[in-house]
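Data file: protein-v3.txt. Format and content: compact mmCIF, C-alpha atoms and all ligand atoms.
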# COMPACT_ATOMS: atom_id res chain seq x y z
CA MET A 14 61.03 73.67 -38.33
CA SER A 15 60.51 74.42 -34.63
CA ALA A 16 61.66 71.79 -32.16
CA ARG A 17 59.09 71.91 -29.38
CA PHE A 18 60.14 68.57 -27.87
CA THR A 19 63.93 68.72 -27.70
CA GLY A 20 65.10 66.87 -24.58
CA ARG A 21 61.67 65.30 -24.06
CA THR A 22 60.81 61.61 -23.95
CA VAL A 23 57.57 60.63 -25.67
CA LEU A 24 55.84 57.22 -25.53
CA VAL A 25 53.50 56.28 -28.41
CA THR A 26 51.36 53.11 -28.35
CA GLY A 27 50.34 51.60 -31.69
CA ALA A 28 53.46 53.21 -33.20
CA GLY A 29 54.01 50.53 -35.87
CA SER A 30 51.40 51.80 -38.33
CA GLY A 31 48.94 54.50 -39.32
CA ILE A 32 48.32 57.41 -36.98
CA GLY A 33 50.71 56.13 -34.30
CA ARG A 34 53.60 55.93 -36.75
CA ALA A 35 52.89 59.48 -38.01
CA VAL A 36 52.72 60.76 -34.42
CA ALA A 37 56.04 59.10 -33.53
CA VAL A 38 57.78 60.44 -36.63
CA ALA A 39 56.42 63.96 -35.99
CA PHE A 40 57.61 64.01 -32.36
CA ALA A 41 61.06 62.77 -33.41
CA ALA A 42 61.23 65.48 -36.10
CA GLU A 43 60.67 68.03 -33.33
CA GLY A 44 63.52 66.74 -31.20
CA ALA A 45 61.89 64.13 -28.95
CA SER A 46 63.34 60.77 -27.98
CA VAL A 47 60.50 58.39 -28.80
CA VAL A 48 59.48 55.06 -27.26
CA LEU A 49 57.63 53.01 -29.88
CA SER A 50 55.20 50.40 -28.57
CA GLY A 51 52.78 47.86 -30.00
CA ARG A 52 52.35 44.08 -29.94
CA GLY A 53 54.50 43.23 -32.96
CA ALA A 54 58.20 44.13 -33.06
CA ALA A 55 58.60 44.15 -36.88
CA PRO A 56 56.35 47.16 -37.67
CA LEU A 57 57.85 49.06 -34.73
CA GLU A 58 61.35 48.42 -36.12
CA GLU A 59 60.18 49.92 -39.43
CA THR A 60 59.07 53.08 -37.61
CA ARG A 61 62.39 53.14 -35.76
CA ALA A 62 64.24 52.93 -39.09
CA LEU A 63 62.24 55.88 -40.46
CA ILE A 64 63.08 57.95 -37.39
CA GLY A 65 66.73 56.87 -37.43
CA ALA A 66 67.10 57.73 -41.14
CA ALA A 67 65.95 61.28 -40.31
CA GLY A 68 68.52 61.52 -37.49
CA GLY A 69 66.11 60.84 -34.63
CA ASP A 70 66.32 58.61 -31.58
CA ALA A 71 63.81 55.83 -30.81
CA LEU A 72 63.48 52.74 -28.62
CA VAL A 73 61.23 49.77 -29.43
CA VAL A 74 59.37 48.09 -26.54
CA THR A 75 56.66 45.53 -27.33
CA ALA A 76 53.61 45.53 -25.06
CA ASP A 77 49.96 44.52 -25.24
CA VAL A 78 47.97 47.41 -23.73
CA SER A 79 45.22 45.02 -22.56
CA ARG A 80 47.77 43.53 -20.10
CA ALA A 81 48.45 45.75 -17.09
CA ASP A 82 51.81 44.06 -16.38
CA ASP A 83 53.01 44.71 -19.94
CA VAL A 84 52.08 48.39 -19.67
CA ARG A 85 53.74 48.87 -16.27
CA ALA A 86 56.92 47.25 -17.66
CA LEU A 87 56.72 49.49 -20.76
CA VAL A 88 56.62 52.70 -18.70
CA ARG A 89 59.41 51.41 -16.44
CA ARG A 90 61.61 50.55 -19.45
CA ALA A 91 60.97 53.96 -21.11
CA ALA A 92 61.93 55.82 -17.93
CA GLU A 93 65.00 53.63 -17.34
CA HIS A 94 66.27 54.05 -20.90
CA PHE A 95 65.68 57.79 -21.38
CA GLY A 96 65.72 58.94 -17.73
CA ARG A 97 62.10 60.06 -17.57
CA LEU A 98 58.80 60.13 -19.45
CA ASP A 99 57.39 63.56 -20.37
CA VAL A 100 54.63 62.81 -22.90
CA ALA A 101 52.48 59.77 -23.66
CA VAL A 102 50.16 59.20 -26.61
CA ASN A 103 47.69 56.37 -26.06
CA ASN A 104 46.84 55.58 -29.67
CA ALA A 105 46.69 51.75 -29.83
CA GLY A 106 43.24 50.57 -30.79
CA ILE A 107 41.21 48.14 -32.87
CA PHE A 108 38.09 48.42 -35.03
CA ARG A 109 35.35 45.81 -35.21
CA GLY A 110 32.02 46.46 -36.92
CA GLY A 111 29.65 45.42 -39.66
CA ALA A 112 26.75 43.95 -37.68
CA PRO A 113 23.77 45.49 -35.89
CA LEU A 114 23.86 45.47 -32.10
CA ALA A 115 21.74 42.32 -31.69
CA ASP A 116 24.26 40.39 -33.79
CA LEU A 117 27.45 41.88 -32.33
CA PRO A 118 29.72 38.88 -31.55
CA ALA A 119 30.56 38.63 -27.85
CA GLU A 120 34.27 38.25 -28.67
CA ASP A 121 34.26 41.52 -30.67
CA TRP A 122 32.63 43.40 -27.78
CA GLN A 123 35.14 41.96 -25.31
CA ALA A 124 38.16 42.74 -27.52
CA LEU A 125 36.98 46.34 -28.08
CA LEU A 126 36.56 46.89 -24.34
CA ASP A 127 39.81 45.09 -23.40
CA ILE A 128 42.01 46.96 -25.90
CA ASN A 129 40.32 50.31 -26.59
CA VAL A 130 39.03 51.05 -23.08
CA THR A 131 40.89 48.97 -20.50
CA GLY A 132 44.07 49.40 -22.58
CA VAL A 133 43.83 53.18 -22.26
CA LEU A 134 43.06 52.81 -18.53
CA HIS A 135 46.19 50.67 -18.01
CA CYS A 136 48.29 53.24 -19.90
CA LEU A 137 46.87 56.21 -17.99
CA GLN A 138 47.41 54.57 -14.61
CA ALA A 139 51.03 53.61 -15.26
CA GLN A 140 51.90 56.91 -16.97
CA ILE A 141 50.23 59.14 -14.37
CA ALA A 142 51.92 57.23 -11.52
CA HIS A 143 55.30 57.91 -13.16
CA MET A 144 54.62 61.52 -14.15
CA ARG A 145 53.16 62.73 -10.85
CA ALA A 146 56.21 61.36 -9.03
CA ASN A 147 58.60 62.96 -11.54
CA GLY A 148 57.53 66.57 -12.08
CA GLY A 149 54.46 66.09 -14.30
CA GLY A 150 53.81 65.54 -17.98
CA ALA A 151 51.23 65.57 -20.76
CA ILE A 152 49.07 62.73 -22.09
CA VAL A 153 46.99 62.61 -25.28
CA ASN A 154 44.52 59.77 -25.86
CA VAL A 155 43.45 58.96 -29.42
CA SER A 156 39.67 58.47 -29.34
CA SER A 157 37.37 58.84 -32.40
CA ASN A 158 34.69 61.13 -33.74
CA LEU A 159 32.51 57.99 -33.58
CA GLY A 160 31.10 57.65 -30.09
CA ALA A 161 31.03 60.93 -28.20
CA HIS A 162 30.59 63.12 -31.30
CA LEU A 163 28.90 61.10 -34.06
CA ARG A 164 26.92 57.87 -34.39
CA ILE A 165 26.53 55.67 -37.50
CA PRO A 166 24.82 52.26 -37.81
CA ASN A 167 26.39 48.82 -37.27
CA VAL A 168 29.42 49.81 -35.17
CA ALA A 169 27.85 49.84 -31.68
CA GLY A 170 30.79 48.13 -29.98
CA TYR A 171 33.42 50.47 -31.44
CA LEU A 172 31.20 53.52 -30.77
CA THR A 173 30.77 52.51 -27.14
CA SER A 174 34.48 51.88 -26.65
CA LYS A 175 35.46 55.27 -28.08
CA ALA A 176 32.73 57.16 -26.18
CA ALA A 177 34.34 55.61 -23.11
CA VAL A 178 37.83 56.78 -24.18
CA SER A 179 36.50 60.34 -24.59
CA ALA A 180 34.84 60.22 -21.13
CA LEU A 181 37.87 58.58 -19.51
CA SER A 182 40.13 61.30 -20.93
CA ARG A 183 38.04 64.11 -19.42
CA ALA A 184 37.70 62.30 -16.07
CA ALA A 185 41.45 61.64 -15.87
CA ALA A 186 42.18 65.25 -16.83
CA LEU A 187 40.10 66.56 -13.91
CA ASP A 188 41.52 64.07 -11.42
CA HIS A 189 45.18 64.73 -12.24
CA ILE A 190 45.75 68.28 -13.46
CA ARG A 191 46.73 69.28 -9.89
CA ASP A 192 49.34 66.50 -10.01
CA GLY A 193 50.94 68.33 -12.93
CA VAL A 194 49.67 65.80 -15.46
CA ARG A 195 47.76 67.48 -18.32
CA ILE A 196 45.44 65.11 -20.20
CA ASN A 197 43.51 65.66 -23.45
CA ALA A 198 42.11 63.63 -26.35
CA VAL A 199 42.15 63.83 -30.14
CA SER A 200 39.13 62.38 -31.92
CA PRO A 201 39.95 61.68 -35.57
CA GLY A 202 37.39 60.95 -38.24
CA ALA A 203 38.15 58.77 -41.25
CA SER A 204 41.90 59.03 -41.71
CA ASP A 205 44.35 57.80 -44.30
CA THR A 206 45.01 54.34 -42.78
CA THR A 207 43.75 50.82 -43.45
CA MET A 208 41.32 51.15 -40.52
CA SER A 209 39.03 53.49 -42.48
CA LEU A 210 38.71 51.17 -45.50
CA HIS A 211 35.36 49.40 -45.72
CA PRO A 212 35.56 45.61 -46.32
CA GLY A 213 36.77 45.04 -49.89
CA GLU A 214 37.28 48.75 -50.51
CA SER A 215 40.41 50.14 -52.23
CA ALA A 216 41.99 53.49 -51.38
CA ALA A 217 40.55 54.86 -54.65
CA ASP A 218 37.05 53.66 -53.68
CA ARG A 219 37.46 55.39 -50.33
CA THR A 220 38.50 58.63 -52.05
CA ALA A 221 35.29 58.53 -54.12
CA ARG A 222 33.15 57.70 -51.06
CA MET A 223 34.68 60.50 -48.98
CA LYS A 224 34.14 63.00 -51.79
CA GLU A 225 30.40 62.32 -51.33
CA GLN A 226 30.23 61.72 -47.57
CA SER A 227 32.64 64.12 -45.92
CA PRO A 228 31.96 67.87 -45.63
CA LEU A 229 35.66 68.46 -46.41
CA GLY A 230 35.50 65.90 -49.22
CA ARG A 231 38.41 63.71 -48.15
CA VAL A 232 39.99 61.72 -45.31
CA SER A 233 42.35 63.42 -42.87
CA SER A 234 46.01 62.62 -43.42
CA THR A 235 47.84 60.94 -40.57
CA ALA A 236 50.13 64.02 -40.45
CA GLU A 237 47.08 66.23 -39.85
CA VAL A 238 45.98 64.06 -36.93
CA ALA A 239 49.55 64.02 -35.60
CA ALA A 240 49.70 67.83 -35.72
CA ALA A 241 46.70 68.00 -33.37
CA VAL A 242 48.33 65.50 -30.99
CA LEU A 243 51.59 67.47 -30.92
CA TYR A 244 49.75 70.73 -30.26
CA LEU A 245 47.93 69.26 -27.24
CA ALA A 246 51.19 67.78 -25.90
CA SER A 247 53.11 71.04 -26.38
CA PRO A 248 53.59 74.02 -24.05
CA ASP A 249 51.34 76.01 -26.46
CA ALA A 250 48.45 74.04 -24.94
CA ALA A 251 49.52 74.60 -21.30
CA SER A 252 46.00 75.72 -20.28
CA VAL A 253 44.14 73.15 -22.39
CA VAL A 254 42.87 70.47 -19.98
CA GLY A 255 40.27 67.76 -20.72
CA ALA A 256 39.71 68.89 -24.32
CA ASP A 257 38.59 66.41 -26.98
CA LEU A 258 39.76 67.87 -30.29
CA VAL A 259 37.80 66.52 -33.27
CA VAL A 260 39.85 66.23 -36.48
CA ASP A 261 37.34 64.88 -39.00
CA GLY A 262 36.82 67.27 -41.89
CA GLY A 263 33.51 68.44 -40.41
CA ALA A 264 31.79 65.03 -40.23
CA ALA A 265 30.59 65.65 -36.66
CA ALA A 266 30.14 69.43 -37.00
N1 LIG B 301 42.03 55.51 -39.17
C1 LIG B 301 40.91 56.07 -38.84
O1 LIG B 301 40.08 56.41 -39.72
C2 LIG B 301 40.59 56.37 -37.37
C3 LIG B 301 39.48 57.16 -37.08
C4 LIG B 301 39.20 57.44 -35.75
C5 LIG B 301 39.98 56.93 -34.74
N2 LIG B 301 41.06 56.15 -35.05
C6 LIG B 301 41.85 55.62 -33.93
O2 LIG B 301 43.22 55.93 -34.17
C7 LIG B 301 44.04 54.95 -33.54
C8 LIG B 301 45.07 54.44 -34.54
O3 LIG B 301 44.39 53.82 -35.61
P1 LIG B 301 45.01 53.63 -37.09
O4 LIG B 301 44.01 54.08 -38.04
O5 LIG B 301 46.38 54.17 -37.11
O6 LIG B 301 44.98 52.02 -37.16
P2 LIG B 301 46.14 50.93 -37.23
O7 LIG B 301 47.08 51.26 -38.34
O8 LIG B 301 45.43 49.61 -37.22
O9 LIG B 301 46.93 51.15 -35.86
C9 LIG B 301 46.53 50.58 -34.65
C10 LIG B 301 47.79 50.21 -33.90
O10 LIG B 301 47.44 49.75 -32.58
C11 LIG B 301 48.24 48.62 -32.29
N3 LIG B 301 47.51 47.76 -31.37
C12 LIG B 301 46.33 47.11 -31.59
N4 LIG B 301 45.99 46.39 -30.52
C13 LIG B 301 46.97 46.58 -29.60
C14 LIG B 301 47.20 46.07 -28.28
N5 LIG B 301 46.35 45.22 -27.69
N6 LIG B 301 48.31 46.48 -27.62
C15 LIG B 301 49.19 47.34 -28.20
N7 LIG B 301 49.03 47.83 -29.44
C16 LIG B 301 47.93 47.44 -30.13
C17 LIG B 301 48.52 47.94 -33.62
O11 LIG B 301 49.76 47.24 -33.62
P3 LIG B 301 49.88 45.68 -33.24
O12 LIG B 301 48.73 44.99 -33.94
O13 LIG B 301 51.24 45.27 -33.74
O14 LIG B 301 49.80 45.62 -31.76
C18 LIG B 301 48.58 49.11 -34.58
O15 LIG B 301 49.92 49.56 -34.76
C19 LIG B 301 43.09 53.87 -33.00
O16 LIG B 301 42.85 54.06 -31.64
C20 LIG B 301 41.82 54.12 -33.81
O17 LIG B 301 40.66 53.66 -33.15
C21 LIG B 301 41.37 55.84 -36.34
Rewrite the coordinates I just gave you, this time as structure tokens.
Ligand SMILES: NC(=O)c1ccc[n+]([C@@H]2O[C@H](COP(=O)([O-])OP(=O)(O)OC[C@H]3O[C@@H](n4cnc5c(N)ncnc54)[C@H](OP(=O)(O)O)[C@@H]3O)[C@@H](O)[C@H]2O)c1
Amino acid sequence: MSARFTGRTVLVTGAGSGIGRAVAVAFAAEGASVVLSGRGAAPLEETRALIGAAGGDALVVTADVSRADDVRALVRRAAEHFGRLDVAVNNAGIFRGGAPLADLPAEDWQALLDINVTGVLHCLQAQIAHMRANGGGAIVNVSSNLGAHLRIPNVAGYLTSKAAVSALSRAAALDHIRDGVRINAVSPGASDTTMSLHPGESAADRTARMKEQSPLGRVSSTAEVAAAVLYLASPDAASVVGADLVVDGGAAA
């Protein structure tokens, strides 16, 4: 196994479950010290235990990305503890859907914007401020194939929030590459986490549905999404700036 991130500090938001946990574990396996963030401490401690059992090093810092003060404190704590912050993965997000636009509850719309969009903005601002003052870094935002790449009915709020994450990633990349901060996005399709289960659906039901719906015939594994994130954060992607890498089994092809 190569160790592309030895000596590097990596911050992952939403690291207590799903894609974020897989990303954190993958960075640790390649030598990084990892800062695990999310709102709840218990799931983050589980991720820390997984990393520790494999001989890796991780710090848990709770933060709500919709709160700018929380996010500034998170970046400060990461830099204090490990000396600096080299890579950040802005993965925390929520899904709300199931109603046509006219019936979209106002509180769902607001939560999607506050967490998925303003949350990523808060993270980018705090991370870029640190990185440009400390020799640069790389940031990967986790968007979605829904929004900029693909539209389906009854998820207008989520689609809009993720289209914004894709646009924000490209805009930030252009504004800050000359500061030494390299910014990209990964846009997963249906992946092997609870977020891609339809209401009342089991994992076996999802397998059957994806066999019909997906060009590839299955969901992406969280390890496959993590591999794309690690590539974009690595020196192999040194000239990749403002890309939005779709990992969705061909759904948006
Ligand atoms: N799974 C898919 O099929 C899929 C497809 C496309 C895109 N994505 C995107 O991939 C990312 C990860 O999703 P996932 O599937 O791994 O879902 P997940 O297991 O629900 O993970 C989301 C994580 O975000 C954290 N989070 C939510 N709100 C937060 C907040 N306000 N502040 C800080 N952390 C918060 C959650 O932890 P706490 O609740 O403890 O804070 C949770 O650990 C999301 O951005 C999602 O939109 C997923």
Margin query: Taking all atoms listed in the file into account, name the residue in A:Ser252, A:Asn147, A:Asn104, A:Ser15 that is nearest to ligand LIG 301 (chain B).
Written below: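 The shortest atom-to-atom distance to ligand LIG 301 (chain B) comes from A:Asn104.
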Taking all atoms listed in the file into account, produce a table as a tab-separated table in which each residue of chain A with an atom at most 6 Å from an atom of ligand LIG 301 (chain B) appears once, together with its shortest atom pair and the distance in Å to one decimal, ordered by chain and rising number.
residue	atom	partner	partner_atom	distance
A:Thr26	CA	B:LIG301	N7	5.9
A:Gly27	CA	B:LIG301	O10	3.6
A:Ala28	CA	B:LIG301	O15	5.3
A:Gly29	CA	B:LIG301	O15	4.3
A:Ser30	CA	B:LIG301	O7	4.4
A:Gly31	CA	B:LIG301	O5	3.4
A:Ile32	CA	B:LIG301	O5	3.8
A:Gly33	CA	B:LIG301	O5	5.5
A:Gly51	CA	B:LIG301	N7	3.8
A:Arg52	CA	B:LIG301	O14	3.5
A:Gly53	CA	B:LIG301	O13	3.9
A:Ala76	CA	B:LIG301	C15	5.7
A:Asp77	CA	B:LIG301	N6	3.5
A:Val78	CA	B:LIG301	N6	4.0
A:Ser79	CA	B:LIG301	N5	5.3
A:Asn104	CA	B:LIG301	O16	4.7
A:Ala105	CA	B:LIG301	O10	3.5
A:Gly106	CA	B:LIG301	O16	3.6
A:Ile107	CA	B:LIG301	C12	5.4
A:Ile128	CA	B:LIG301	N5	5.0
A:Val155	CA	B:LIG301	O16	5.4
A:Ser156	CA	B:LIG301	C5	5.6
A:Ser157	CA	B:LIG301	C5	4.0
A:Pro201	CA	B:LIG301	C4	4.3
A:Gly202	CA	B:LIG301	C3	4.5
A:Ala203	CA	B:LIG301	O1	3.4
A:Ser204	CA	B:LIG301	O1	3.8
A:Thr206	CA	B:LIG301	N1	4.8
A:Met208	CA	B:LIG301	N1	4.6
A:Ser209	CA	B:LIG301	O1	4.2
Check: atom CA of A:Val130 to atom CA of A:Arg21: how many Å, to one decimal?
Finding: 26.8 Å
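Closest approach to A:Val88 among A:His135, A:Arg109, A:Arg61, A:Arg219: A:His135, based on only C-alpha atoms.
Across the model, the gap from atom CA of A:Ala180 to atom CA of A:Ala92 is 27.6 Å.
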Compile the contact shell of A:His211 as an mmCIF file with C-alpha atoms, in the frame of the given file: residues with an atom at most 10 Å away, counting only C-alpha atoms, same-chain residues fewer than 6 positions apart removed.
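What ended up in around-v5.cif:
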data_model
loop_
_atom_site.group_PDB
_atom_site.id
_atom_site.type_symbol
_atom_site.label_atom_id
_atom_site.label_comp_id
_atom_site.auth_asym_id
_atom_site.auth_seq_id
_atom_site.Cartn_x
_atom_site.Cartn_y
_atom_site.Cartn_z
ATOM 1 C CA GLY A 110 32.020 46.460 -36.920
ATOM 2 C CA GLY A 111 29.650 45.420 -39.660
ATOM 3 C CA ASP A 218 37.050 53.660 -53.680
ATOM 4 C CA ARG A 219 37.460 55.390 -50.330
#
Next item on the list: Enter the distance from atom CA of A:Ala216 to atom CA of A:Val232, in Å, rounded to one decimal.
Entry: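 Those two atoms sit 10.4 Å apart.
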Notebook entry, point to check: For A:Ile141, which residue among A:Ala185, A:Leu114, A:Ala217, A:Ala161 is the nearest when counting only C-alpha atoms?
Noted result: A:Ala185
Next item on the list: Give me the residues within 12 Å of stretch 191-196 of chain A as number ranges by chain, counting all atoms listed in the file and dropping any in the same chain fewer than 5 places off.
Entry: A: 98-103, 137-138, 140-155, 178-186, 242, 245-248, 250-258
Item checked: From A:Leu210, A:Leu172, A:Val199, A:Leu24, residue lying nearest A:Ala139 [all atoms listed in the file] ->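 Closest to A:Ala139 of all the choices is A:Leu24.
Closest approach to A:Cys136 from the set A:His189, A:Arg80, A:Arg34, A:Arg17 is made by A:Arg80, with distances taken over all atoms listed in the file.
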Margin query: Just checking: using only C-alpha atoms, which residue out of A:Ala264, A:Lys175, A:Val133, A:Ala45 ends up closest to A:Glu225?
Written below: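 Among the listed residues, the smallest separation from A:Glu225 belongs to A:Ala264.
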Item checked: A:Leu72 surroundings by only C-alpha atoms, 7 Å radius, close-in-sequence under 3 positions cut, as number ranges by chain -> A: 47-49
Nearby residues (all atoms listed in the file) at most 12 Å from A:Ala67, same-chain spacing under 4 positions excluded, as a PDB file with C-alpha atoms, in the frame of the given file:
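The result, written out as part30.pdb:
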ATOM      1  CA  VAL A  38      57.780  60.440 -36.630  1.00  0.00           C
ATOM      2  CA  ALA A  39      56.420  63.960 -35.990  1.00  0.00           C
ATOM      3  CA  PHE A  40      57.610  64.010 -32.360  1.00  0.00           C
ATOM      4  CA  ALA A  41      61.060  62.770 -33.410  1.00  0.00           C
ATOM      5  CA  ALA A  42      61.230  65.480 -36.100  1.00  0.00           C
ATOM      6  CA  GLU A  43      60.670  68.030 -33.330  1.00  0.00           C
ATOM      7  CA  GLY A  44      63.520  66.740 -31.200  1.00  0.00           C
ATOM      8  CA  THR A  60      59.070  53.080 -37.610  1.00  0.00           C
ATOM      9  CA  ARG A  61      62.390  53.140 -35.760  1.00  0.00           C
ATOM     10  CA  ALA A  62      64.240  52.930 -39.090  1.00  0.00           C
ATOM     11  CA  LEU A  63      62.240  55.880 -40.460  1.00  0.00           C
ATOM     12  CA  ALA A  71      63.810  55.830 -30.810  1.00  0.00           C
TER      13      ALA A  71
END
